[in-house]
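J.: Below is the file target.txt, with compact mmCIF, C-alpha atoms.
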# COMPACT_ATOMS: atom_id res chain seq x y z
CA MET A 1 -30.08 -54.69 14.44
CA ILE A 2 -27.59 -54.69 11.63
CA LYS A 3 -24.08 -55.98 12.10
CA LEU A 4 -21.17 -53.64 11.29
CA THR A 5 -19.73 -56.11 8.79
CA THR A 6 -22.96 -56.08 6.89
CA LEU A 7 -22.85 -52.31 6.87
CA ILE A 8 -19.30 -52.25 5.55
CA ASN A 9 -20.16 -54.78 2.91
CA LEU A 10 -23.21 -52.83 1.93
CA ALA A 11 -21.18 -49.64 1.66
CA ALA A 12 -18.54 -51.39 -0.43
CA GLU A 13 -21.17 -52.60 -2.82
CA GLU A 14 -22.84 -49.23 -3.11
CA ALA A 15 -19.75 -47.05 -3.58
CA PRO A 16 -18.49 -46.60 -7.12
CA SER A 17 -14.73 -46.80 -7.50
CA PRO A 18 -13.39 -43.30 -6.83
CA VAL A 19 -10.43 -43.74 -9.16
CA ILE A 20 -12.55 -44.32 -12.25
CA PRO A 21 -13.14 -40.88 -13.75
CA HIS A 22 -16.59 -39.95 -14.89
CA PRO A 23 -16.38 -39.00 -18.60
CA VAL A 24 -18.67 -36.03 -18.15
CA GLU A 25 -16.47 -34.69 -15.38
CA ILE A 26 -13.37 -34.96 -17.57
CA ILE A 27 -15.13 -32.99 -20.29
CA VAL A 28 -16.38 -30.45 -17.77
CA GLY A 29 -12.84 -30.16 -16.40
CA LEU A 30 -11.44 -29.64 -19.89
CA ILE A 31 -14.01 -26.97 -20.71
CA ALA A 32 -13.70 -25.20 -17.35
CA PHE A 33 -9.92 -25.18 -17.53
CA SER A 34 -9.99 -23.91 -21.12
CA LEU A 35 -12.38 -21.13 -20.17
CA LEU A 36 -10.24 -20.04 -17.27
CA PHE A 37 -7.11 -20.31 -19.38
CA TYR A 38 -8.65 -18.11 -22.06
CA VAL A 39 -9.74 -15.45 -19.57
CA LEU A 40 -6.44 -15.38 -17.70
CA LYS A 41 -4.34 -15.41 -20.88
CA THR A 42 -6.21 -12.64 -22.68
CA LYS A 43 -7.46 -10.45 -19.85
CA VAL A 44 -5.21 -10.90 -16.85
CA VAL A 45 -1.67 -11.90 -17.81
CA PRO A 46 -1.13 -9.05 -20.35
CA LYS A 47 -2.31 -6.52 -17.76
CA PHE A 48 -0.02 -7.83 -15.06
CA GLU A 49 2.89 -7.98 -17.49
CA LYS A 50 2.14 -4.40 -18.53
CA ALA A 51 2.13 -3.30 -14.88
CA TYR A 52 5.42 -5.15 -14.35
CA GLU A 53 6.99 -3.55 -17.36
CA GLU A 54 5.78 -0.09 -16.45
CA ARG A 55 7.05 -0.52 -12.93
CA THR A 56 10.43 -1.69 -14.19
CA ASN A 57 10.52 1.24 -16.58
CA ALA A 58 9.51 3.65 -13.85
CA ILE A 59 12.26 2.38 -11.58
CA GLU A 60 14.85 2.28 -14.33
CA GLY A 61 13.68 5.66 -15.65
CA GLY A 62 13.94 7.10 -12.16
CA LEU A 63 17.44 5.77 -11.79
CA GLU A 64 18.38 7.12 -15.18
CA ARG A 65 16.95 10.54 -14.34
CA ALA A 66 18.81 10.58 -11.04
CA GLU A 67 22.00 9.63 -12.82
CA LYS A 68 21.47 12.39 -15.38
CA ALA A 69 20.86 14.93 -12.64
CA GLN A 70 24.00 13.78 -10.89
CA VAL A 71 26.07 14.16 -14.05
CA GLU A 72 24.53 17.58 -14.66
CA ALA A 73 25.24 18.65 -11.09
CA GLU A 74 28.82 17.49 -11.37
CA ARG A 75 29.23 19.34 -14.64
CA VAL A 76 27.84 22.54 -13.15
CA LEU A 77 30.04 22.15 -10.10
CA ARG A 78 33.07 21.69 -12.31
CA THR A 79 32.14 24.79 -14.30
CA TYR A 80 31.67 26.82 -11.16
CA THR A 81 34.93 25.60 -9.69
CA THR A 82 36.75 26.49 -12.89
CA GLN A 83 35.08 29.87 -13.03
CA LEU A 84 35.90 30.53 -9.40
CA ALA A 85 39.52 29.60 -9.93
CA GLU A 86 39.61 31.81 -13.01
CA ALA A 87 38.07 34.70 -11.12
CA GLN A 88 40.54 34.26 -8.30
CA SER A 89 43.52 34.21 -10.60
CA GLU A 90 42.06 37.17 -12.48
CA ALA A 91 41.69 39.10 -9.22
CA GLN A 92 45.24 38.12 -8.26
CA LYS A 93 46.48 39.33 -11.61
CA ILE A 94 44.56 42.59 -11.30
CA ARG A 95 45.92 43.14 -7.81
CA GLU A 96 49.43 42.42 -9.01
CA GLU A 97 49.00 44.73 -11.98
CA SER A 98 47.55 47.52 -9.91
CA ARG A 99 50.33 47.14 -7.41
CA VAL A 100 52.88 47.40 -10.20
CA GLN A 101 51.00 50.24 -11.79
CA GLY A 102 50.65 52.04 -8.50
CA ALA A 103 54.35 51.72 -7.89
CA ALA A 104 55.03 52.96 -11.40
CA ILE A 105 52.68 55.89 -10.91
CA ILE A 106 54.28 56.77 -7.61
CA GLU A 107 57.73 56.44 -9.17
CA ASP A 108 56.59 58.55 -12.08
CA LEU A 109 55.09 61.21 -9.86
CA ARG A 110 58.18 61.23 -7.72
CA GLU A 111 60.31 61.63 -10.82
CA LYS A 112 58.09 64.39 -12.08
CA ALA A 113 58.13 66.11 -8.70
CA LYS A 114 61.85 65.87 -8.63
CA GLU A 115 62.09 67.28 -12.11
CA GLU A 116 59.65 70.03 -11.20
CA ALA A 117 61.62 70.82 -8.11
CA ALA A 118 64.78 70.85 -10.11
CA ARG A 119 63.18 73.00 -12.72
CA ILE A 120 61.81 75.38 -10.12
CA THR A 121 65.20 75.51 -8.42
CA ALA A 122 66.93 76.15 -11.70
CA ALA A 123 64.43 78.82 -12.67
CA ALA A 124 64.81 80.45 -9.29
CA GLN A 125 68.55 80.37 -9.56
CA GLN A 126 68.39 81.76 -13.05
CA SER A 127 66.12 84.56 -12.02
CA ILE A 128 68.29 85.24 -8.99
CA GLU A 129 71.35 85.30 -11.23
CA ALA A 130 69.61 87.55 -13.71
CA GLU A 131 68.48 89.87 -11.01
CA ARG A 132 71.91 89.83 -9.50
CA GLN A 133 73.38 90.68 -12.88
CA GLN A 134 70.84 93.34 -13.36
CA ALA A 135 71.51 94.67 -9.93
CA ILE A 136 75.23 94.52 -10.58
CA THR A 137 74.78 96.28 -13.89
CA SER A 138 72.50 98.93 -12.56
CA LEU A 139 74.62 99.24 -9.49
CA ARG A 140 77.72 99.53 -11.62
CA ASN A 141 76.10 102.16 -13.72
CA GLU A 142 74.75 104.05 -10.83
CA VAL A 143 77.83 103.59 -8.78
CA GLY A 144 79.81 104.68 -11.83
CA ALA A 145 77.69 107.74 -12.37
CA LEU A 146 77.71 108.54 -8.71
CA ALA A 147 81.38 107.94 -8.42
CA THR A 148 82.11 109.94 -11.53
CA GLU A 149 79.98 112.72 -10.38
CA LEU A 150 81.59 112.47 -7.01
CA ALA A 151 85.01 112.25 -8.44
CA SER A 152 84.40 115.09 -10.86
CA LYS A 153 83.16 117.10 -8.06
CA ILE A 154 86.12 116.23 -5.93
CA VAL A 155 88.71 116.34 -8.61
CA GLY A 156 86.97 119.10 -10.48
CA GLU A 157 88.17 117.55 -13.54
CA ALA A 158 85.79 117.07 -16.36
CA LEU A 159 85.79 113.60 -17.32
CA ASP A 160 83.94 113.92 -20.55
CA ASP A 161 85.88 111.43 -22.40
CA GLN A 162 83.67 108.37 -22.43
CA VAL A 163 86.42 105.84 -22.72
CA ARG A 164 88.41 107.19 -19.94
CA GLN A 165 85.41 107.50 -17.83
CA SER A 166 84.57 103.85 -18.38
CA ARG A 167 88.07 102.73 -17.60
CA ILE A 168 88.07 104.70 -14.43
CA VAL A 169 84.78 103.20 -13.37
CA ASP A 170 85.96 99.69 -14.13
CA ARG A 171 89.04 100.14 -12.10
CA PHE A 172 86.95 101.56 -9.33
CA VAL A 173 84.53 98.70 -9.36
CA ALA A 174 87.34 96.14 -9.48
CA ASP A 175 88.83 97.82 -6.47
CA LEU A 176 85.49 97.77 -4.84
CA GLU A 177 85.08 94.08 -5.53
CA LYS A 178 88.48 93.33 -4.21
CA SER A 179 87.70 95.18 -1.05
CA ASN A 180 84.58 93.17 -0.71
CA MET B 1 -6.69 -56.66 7.91
CA THR B 2 -9.72 -58.29 6.54
CA ILE B 3 -13.15 -57.88 7.97
CA GLU B 4 -13.20 -61.55 9.06
CA LYS B 5 -10.09 -60.93 11.15
CA TRP B 6 -11.67 -57.88 12.78
CA ASN B 7 -14.62 -60.03 13.62
CA SER B 8 -12.46 -62.80 15.08
CA LEU B 9 -10.77 -60.21 17.33
CA ASN B 10 -14.23 -59.53 18.65
CA LEU B 11 -13.54 -55.79 18.73
CA LEU B 12 -16.12 -54.52 16.37
CA GLU B 13 -18.42 -57.45 16.72
CA GLY B 14 -21.60 -56.51 18.43
CA GLU B 15 -24.57 -54.35 18.02
CA VAL B 16 -24.22 -51.14 16.20
CA ARG B 17 -26.65 -48.33 16.68
CA PRO B 18 -28.43 -47.93 13.37
CA GLY B 19 -28.08 -44.60 11.62
CA PHE B 20 -24.32 -44.34 11.61
CA ARG B 21 -22.57 -45.15 8.41
CA ALA B 22 -18.80 -44.65 8.13
CA PRO B 23 -18.04 -42.27 5.25
CA ASP B 24 -16.73 -43.89 2.11
CA ALA B 25 -16.34 -43.25 -1.58
CA GLY B 26 -20.10 -42.96 -1.80
CA ASP B 27 -19.90 -39.61 -0.01
CA PHE B 28 -18.10 -38.26 -3.05
CA VAL B 29 -21.07 -38.98 -5.27
CA PHE B 30 -23.65 -36.24 -5.39
CA PRO B 31 -27.16 -36.34 -6.69
CA SER B 32 -28.09 -34.10 -9.53
CA ILE B 33 -29.84 -30.93 -8.48
CA PHE B 34 -31.97 -30.63 -11.61
CA GLY B 35 -33.04 -33.78 -13.35
CA ASP B 36 -30.62 -36.64 -13.88
CA SER B 37 -27.80 -34.78 -15.63
CA VAL B 38 -24.31 -35.05 -14.15
CA LEU B 39 -23.90 -31.44 -15.28
CA THR B 40 -25.90 -30.22 -12.30
CA THR B 41 -24.13 -32.17 -9.57
CA LYS B 42 -22.33 -30.26 -6.85
CA PRO B 43 -18.74 -30.90 -8.11
CA VAL B 44 -19.54 -29.76 -11.65
CA ILE B 45 -21.27 -26.63 -10.41
CA LEU B 46 -18.35 -25.92 -8.09
CA VAL B 47 -15.86 -26.25 -10.94
CA PHE B 48 -17.73 -23.69 -13.02
CA PHE B 49 -18.14 -21.53 -9.95
CA SER B 50 -14.36 -21.62 -9.44
CA VAL B 51 -13.84 -20.44 -13.02
CA ILE B 52 -16.15 -17.48 -12.42
CA LEU B 53 -14.57 -16.75 -9.03
CA VAL B 54 -10.97 -16.83 -10.26
CA SER B 55 -11.78 -14.88 -13.44
CA THR B 56 -13.67 -12.20 -11.54
CA PHE B 57 -11.00 -11.80 -8.91
CA PHE B 58 -8.10 -11.54 -11.33
CA ILE B 59 -9.92 -9.31 -13.81
CA ALA B 60 -10.79 -6.97 -10.94
CA SER B 61 -7.25 -7.19 -9.70
CA SER B 62 -5.54 -6.51 -13.03
CA ARG B 63 -8.09 -4.16 -14.59
CA LYS B 64 -6.26 -0.96 -13.76
CA ALA B 65 -2.71 -2.38 -13.82
CA LEU B 66 -1.27 0.55 -11.94
CA VAL B 67 2.42 1.09 -11.36
CA VAL B 68 1.62 1.64 -7.70
CA PRO B 69 -0.87 -1.20 -7.05
CA SER B 70 -4.06 -1.02 -5.04
CA LYS B 71 -4.68 -3.66 -2.36
CA ILE B 72 -6.58 -6.02 -4.64
CA GLN B 73 -4.05 -5.57 -7.42
CA PHE B 74 -1.25 -6.23 -4.98
CA ALA B 75 -2.94 -9.45 -3.83
CA GLY B 76 -3.50 -10.62 -7.42
CA GLU B 77 0.01 -9.69 -8.42
CA MET B 78 1.42 -11.60 -5.48
CA VAL B 79 -0.20 -14.82 -6.70
CA TYR B 80 0.71 -14.08 -10.31
CA GLY B 81 4.27 -13.11 -9.38
CA PHE B 82 4.65 -16.31 -7.37
CA VAL B 83 3.66 -18.51 -10.32
CA ARG B 84 5.55 -16.39 -12.83
CA ASN B 85 8.83 -16.07 -10.97
CA GLU B 86 9.07 -18.84 -8.39
CA ILE B 87 7.64 -21.56 -10.62
CA GLY B 88 7.85 -20.37 -14.25
CA LYS B 89 11.09 -18.42 -14.33
CA ASP B 90 13.05 -20.55 -11.88
CA VAL B 91 12.07 -23.90 -13.37
CA ILE B 92 11.66 -23.29 -17.10
CA GLY B 93 14.27 -20.58 -17.58
CA SER B 94 14.63 -18.26 -20.56
CA GLU B 95 11.51 -19.42 -22.47
CA PHE B 96 9.24 -19.27 -19.42
CA GLN B 97 7.09 -16.34 -20.50
CA ARG B 98 4.90 -18.22 -22.98
CA PHE B 99 4.04 -20.87 -20.38
CA VAL B 100 3.10 -18.42 -17.64
CA PRO B 101 -0.62 -18.19 -18.57
CA PHE B 102 -0.84 -21.99 -18.58
CA LEU B 103 0.91 -22.44 -15.24
CA PHE B 104 -1.04 -19.54 -13.77
CA THR B 105 -4.31 -21.19 -14.82
CA ILE B 106 -3.26 -24.53 -13.35
CA PHE B 107 -2.27 -23.01 -10.04
CA THR B 108 -5.31 -20.79 -9.53
CA PHE B 109 -7.74 -23.43 -10.79
CA VAL B 110 -6.37 -26.22 -8.61
CA LEU B 111 -5.89 -24.00 -5.57
CA THR B 112 -9.42 -22.62 -5.68
CA ASN B 113 -11.01 -26.02 -6.15
CA ASN B 114 -8.89 -27.50 -3.36
CA ILE B 115 -9.71 -24.74 -0.91
CA PHE B 116 -13.42 -25.30 -1.59
CA GLY B 117 -12.85 -28.26 0.72
CA ILE B 118 -12.68 -26.11 3.83
CA ILE B 119 -14.89 -23.19 2.84
CA PRO B 120 -18.01 -23.29 5.02
CA LEU B 121 -21.17 -24.35 3.16
CA ILE B 122 -19.17 -25.41 0.09
CA GLN B 123 -16.93 -27.90 1.92
CA PHE B 124 -16.06 -30.12 -0.96
CA PRO B 125 -12.66 -30.24 -2.67
CA THR B 126 -13.61 -30.66 -6.30
CA MET B 127 -10.26 -32.21 -7.10
CA SER B 128 -11.31 -35.25 -5.05
CA ARG B 129 -13.42 -36.16 -8.09
CA ILE B 130 -10.71 -37.74 -10.24
CA GLY B 131 -12.21 -36.52 -13.50
CA PHE B 132 -10.99 -32.97 -12.86
CA PRO B 133 -7.34 -33.76 -12.05
CA VAL B 134 -7.41 -36.02 -15.11
CA ALA B 135 -8.67 -33.15 -17.28
CA ILE B 136 -5.84 -30.84 -16.17
CA THR B 137 -3.33 -33.66 -16.55
CA ILE B 138 -4.47 -34.18 -20.15
CA PHE B 139 -3.53 -30.55 -20.88
CA VAL B 140 -0.18 -30.89 -19.14
CA TYR B 141 0.52 -34.20 -20.90
CA LEU B 142 -0.30 -32.78 -24.33
CA THR B 143 1.65 -29.60 -23.64
CA TYR B 144 4.95 -31.16 -22.66
CA HIS B 145 4.92 -33.72 -25.46
CA PHE B 146 3.90 -31.11 -28.00
CA VAL B 147 6.61 -28.69 -26.83
CA ALA B 148 9.29 -31.39 -26.98
CA ILE B 149 8.27 -32.69 -30.42
CA ARG B 150 8.14 -29.18 -31.84
CA LYS B 151 11.55 -28.37 -30.43
CA HIS B 152 13.46 -31.60 -31.12
CA GLY B 153 11.31 -33.47 -33.62
CA LEU B 154 9.52 -36.71 -32.79
CA PHE B 155 12.42 -39.01 -33.62
CA LYS B 156 15.08 -37.15 -31.67
CA TYR B 157 12.68 -36.73 -28.75
CA LEU B 158 12.10 -40.47 -28.51
CA LYS B 159 15.75 -41.25 -29.10
CA ASP B 160 16.91 -38.86 -26.35
CA MET B 161 14.27 -40.33 -24.08
CA CYS B 162 15.32 -43.95 -24.58
CA PHE B 163 19.07 -43.53 -24.92
CA MET B 164 20.49 -41.26 -22.29
CA PRO B 165 24.14 -40.50 -22.97
CA GLY B 166 26.89 -41.71 -20.67
CA ILE B 167 25.37 -45.06 -19.74
CA PRO B 168 26.72 -48.52 -20.67
CA LYS B 169 24.99 -49.84 -23.80
CA PHE B 170 23.48 -52.97 -22.26
CA MET B 171 21.70 -50.85 -19.67
CA TYR B 172 19.47 -49.46 -22.39
CA VAL B 173 17.60 -52.74 -22.44
CA ILE B 174 16.28 -51.90 -19.00
CA LEU B 175 16.35 -48.13 -19.14
CA ALA B 176 14.61 -47.53 -22.45
CA PRO B 177 11.29 -49.15 -21.46
CA LEU B 178 11.50 -47.49 -18.05
CA GLU B 179 12.01 -44.07 -19.58
CA LEU B 180 9.22 -44.59 -22.08
CA ALA B 181 6.90 -45.69 -19.28
CA THR B 182 7.93 -42.66 -17.21
CA TYR B 183 7.18 -40.17 -19.94
CA PHE B 184 4.01 -41.71 -21.30
CA VAL B 185 2.35 -43.48 -18.37
CA ILE B 186 3.84 -42.81 -14.95
CA ARG B 187 4.07 -39.05 -15.12
CA PRO B 188 0.44 -38.35 -16.05
CA LEU B 189 -0.81 -41.11 -13.79
CA THR B 190 1.06 -39.87 -10.71
CA LEU B 191 0.27 -36.25 -11.46
CA ALA B 192 -3.47 -36.88 -11.49
CA MET B 193 -3.46 -39.48 -8.72
CA ARG B 194 -1.38 -37.41 -6.31
CA LEU B 195 -3.79 -34.50 -6.43
CA PHE B 196 -6.87 -36.70 -6.37
CA GLY B 197 -5.54 -38.90 -3.56
CA ASN B 198 -4.61 -36.04 -1.28
CA MET B 199 -7.93 -34.29 -1.70
CA PHE B 200 -9.92 -37.51 -1.42
CA ALA B 201 -8.18 -38.72 1.72
CA GLY B 202 -8.24 -35.31 3.35
CA HIS B 203 -11.93 -34.85 2.76
CA LEU B 204 -12.70 -38.40 3.88
CA LEU B 205 -10.85 -37.86 7.16
CA LEU B 206 -12.61 -34.56 7.76
CA ILE B 207 -16.08 -35.98 7.25
CA LEU B 208 -15.20 -39.09 9.22
CA PHE B 209 -14.26 -37.12 12.32
CA THR B 210 -17.08 -34.64 11.93
CA LEU B 211 -19.76 -37.27 11.39
CA GLY B 212 -18.21 -39.51 14.03
CA GLY B 213 -18.20 -36.65 16.53
CA GLU B 214 -21.78 -35.84 15.72
CA TYR B 215 -22.77 -39.47 16.11
CA MET B 216 -21.05 -39.85 19.46
CA LEU B 217 -22.59 -36.63 20.73
CA HIS B 218 -25.96 -38.35 20.74
CA ASP B 219 -24.64 -41.35 22.64
CA LYS B 220 -23.76 -42.11 26.26
CA LEU B 221 -21.88 -39.57 28.39
CA ILE B 222 -18.47 -41.20 27.88
CA MET B 223 -19.04 -41.07 24.14
CA LYS B 224 -20.00 -37.41 24.37
CA ILE B 225 -16.54 -36.75 25.88
CA PHE B 226 -14.90 -38.62 23.01
CA SER B 227 -16.95 -36.65 20.57
CA VAL B 228 -15.26 -33.45 21.80
CA PHE B 229 -11.90 -34.94 20.81
CA SER B 230 -13.34 -35.98 17.51
CA PHE B 231 -14.58 -32.46 16.75
CA GLY B 232 -11.30 -31.01 18.02
CA PHE B 233 -9.35 -33.23 15.70
CA SER B 234 -11.55 -32.34 12.77
CA LEU B 235 -11.01 -28.65 13.53
CA GLY B 236 -7.23 -29.03 13.76
CA PHE B 237 -7.25 -31.18 10.68
CA THR B 238 -9.04 -28.42 8.80
CA PHE B 239 -5.98 -26.18 9.24
CA PHE B 240 -3.76 -29.03 8.14
CA GLU B 241 -6.01 -29.58 5.14
CA PHE B 242 -5.60 -25.93 4.16
CA PHE B 243 -1.85 -26.44 4.15
CA VAL B 244 -2.16 -29.64 2.09
CA GLN B 245 -4.54 -27.96 -0.37
CA CYS B 246 -2.08 -25.12 -1.02
CA LEU B 247 0.85 -27.50 -1.16
CA GLN B 248 -0.84 -29.81 -3.66
CA ALA B 249 -1.74 -26.88 -5.93
CA TYR B 250 1.90 -25.79 -5.76
CA ILE B 251 3.25 -29.30 -6.41
CA PHE B 252 0.92 -29.87 -9.34
CA THR B 253 2.00 -26.58 -10.95
CA LEU B 254 5.66 -27.15 -10.13
CA LEU B 255 5.68 -30.63 -11.67
CA SER B 256 3.91 -29.34 -14.78
CA ALA B 257 6.63 -26.70 -15.08
CA LEU B 258 9.31 -29.33 -14.55
CA TYR B 259 7.90 -31.54 -17.29
CA ILE B 260 7.77 -28.59 -19.68
CA ALA B 261 11.31 -27.62 -18.69
CA GLY B 262 12.43 -31.20 -19.37
CA ALA B 263 10.80 -31.10 -22.78
CA LEU B 264 12.62 -27.88 -23.62
CA ALA B 265 16.01 -29.09 -22.36
CA ASP B 266 18.54 -30.21 -24.92
CA GLU B 267 19.25 -33.51 -23.19
CA HIS B 268 16.94 -35.56 -21.06
Hey, can you dump this file as structure tokens for me?
T.:
Amino acid sequence: MIKLTTLINLAAEEAPSPVIPHPVEIIVGLIAFSLLFYVLKTKVVPKFEKAYEERTNAIEGGLERAEKAQVEAERVLRTYTTQLAEAQSEAQKIREESRVQGAAIIEDLREKAKEEAARITAAAQQSIEAERQQAITSLRNEVGALATELASKIVGEALDDQVRQSRIVDRFVADLEKSN
Amino acid sequence: MTIEKWNSLNLLEGEVRPGFRAPDAGDFVFPSIFGDSVLTTKPVILVFFSVILVSTFFIASSRKALVVPSKIQFAGEMVYGFVRNEIGKDVIGSEFQRFVPFLFTIFTFVLTNNIFGIIPLIQFPTMSRIGFPVAITIFVYLTYHFVAIRKHGLFKYLKDMCFMPGIPKFMYVILAPLELATYFVIRPLTLAMRLFGNMFAGHLLLILFTLGGEYMLHDKLIMKIFSVFSFGFSLGFTFFEFFVQCLQAYIFTLLSALYIAGALADEH
């Protein structure tokens, strides 16, 4: 049977100091690290950086596009609002104008109608007057002739003299008018 | 406590069933698979395997580089975006872009090799072999010094390092050596040791509880009951290890970014 102390002592003698590096292991470490460094630096890091950059660009680009769209939308909205306001004021103006024009037309028509009426009235009066005159004249003549004939028949006096005849008729008519 | 003291307490003294050996640093040494070359030991093969794994995954993930990513691209981009923005951009600032491939390599390389620790059948965190953290630290160390010297010039870089403004002159006697030690010794040492230590200790605990559980399972009944706890702990610890593995990958990358950021800053 072996005593524990002997075992411990044996172990202590056998074990190499763990804090003394083995030169080969240092060299292996240096080589392995360099290899890994080379691979990661040339193959991996640039790719990840590229992905990062693209992602940043994509996000920033997206934001930029959204901003642009927003600005565009606002611009269009402003245009439409302006156009709408313009159209409204235009419509208002047209309504106002047509109202004014309508009133003017009505006024004009009324004026014209009035004038027409006046003209028609005047023409009617004129024609009435003319006809009256004509009637008076023809009546006078006829009445004269009738009266003369009547008178000549009654009086038996030839009233050939034109002047006298006319004077007599006038007097007769004047009397007639007075009696009217 | 020394072994003699343990013995005097009479706790561990006694007969030990042969066949059980507590895990130690020896469990981190693997035999070569082909011949005697260290190049065919498990850790070395795993490191190269991780390079192939990470390369394949990210090439597949980034091959198409679509604006609307596929699932695999989304997964790859999530890791890349985390390193690029949360570590690179936030820590380094305006000039971060040219350091992204470097930080990305550190993070994926360390994370994959750490997680190997809990992947069934692989189950070995390669970063628990100190040579690998040292190798990455060499790159980080060279990078931040190179960046600073190129930006400020060697003389101004050293001057800014040793003589911080706004401190009483006599303090420089103490501060200048401290600052020099920080930049040239402490930073690389802690960077490599932190990662190594976490992975080493985590893996040691895991195998201790797994092997211990297995050992107790073949013992008396009472020991069989204890072995259940041992396996349970190792299971729970596996989840915790996953957390530590991710955290350490993050811390390693974050500190590298911080050192680069410090080198780029106008004043130290």
J.: So which residues touch Leu158 of chain B within 12 Å, counting only C-alpha atoms, skipping near sequence neighbours fewer than 3 positions away, as a VMD selection string?
T.: chain B and resid 145 148 to 149 152 to 155 161 to 164 176 to 177 179 to 181 183 to 184 263 267 to 268
J.: Given the choices B:Ile122, B:Val147, B:Met216, B:Ala60, which gets closest to Phe74 of chain B if the distance is worked out from only C-alpha atoms?
T.: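 The answer is B:Ala60, which sits nearest to Phe74 of chain B.
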J.: Set the cut-off to 6 Å and count only C-alpha atoms: what are the residues of chain A that reach chain B? Output as a count of residues only.
T.: 14
J.: To one decimal place in Å, what is the distance between atom CA of Met199 of chain B and atom CA of Val28 of chain A?
T.: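 Between atom CA of Met199 of chain B and atom CA of Val28 of chain A the gap is 18.6 Å.
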J.: May I ask for the distance between atom CA of Ile31 of chain A and atom CA of Val79 of chain B, given in Å to one decimal place?
T.: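 It comes out at 23.1 Å.
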J.: Using only C-alpha atoms, I'd like a table of the residues in segment 108-189 of chain B that come within 7 Å of segment 231-249 of chain B; for each, show the closest atom pair and its distance in Å rounded to one decimal, ordered by chain and ascending number, as JSON lines.
T.:
{"residue": "B:Val110", "atom": "CA", "partner": "B:Ala249", "partner_atom": "CA", "distance": 5.4}
{"residue": "B:Leu111", "atom": "CA", "partner": "B:Ala249", "partner_atom": "CA", "distance": 5.1}
{"residue": "B:Asn114", "atom": "CA", "partner": "B:Gln245", "partner_atom": "CA", "distance": 5.3}
{"residue": "B:Ile115", "atom": "CA", "partner": "B:Gln245", "partner_atom": "CA", "distance": 6.1}
{"residue": "B:Ile118", "atom": "CA", "partner": "B:Thr238", "partner_atom": "CA", "distance": 6.6}
J.: From the set B:Ile87, B:Ile33, B:Ile207, B:Val140, which residue has the shortest atom-to-atom contact distance to Tyr259 of chain B, counting only C-alpha atoms?
T.: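 For Tyr259 of chain B, the nearest of the given residues is B:Val140.
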J.: Have a look at atom CA of Leu139 of chain A and atom CA of Thr121 of chain A and let me know their distance in Å, one decimal.
T.: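 One can read the atom CA of Leu139 of chain A to atom CA of Thr121 of chain A distance as 25.6 Å.
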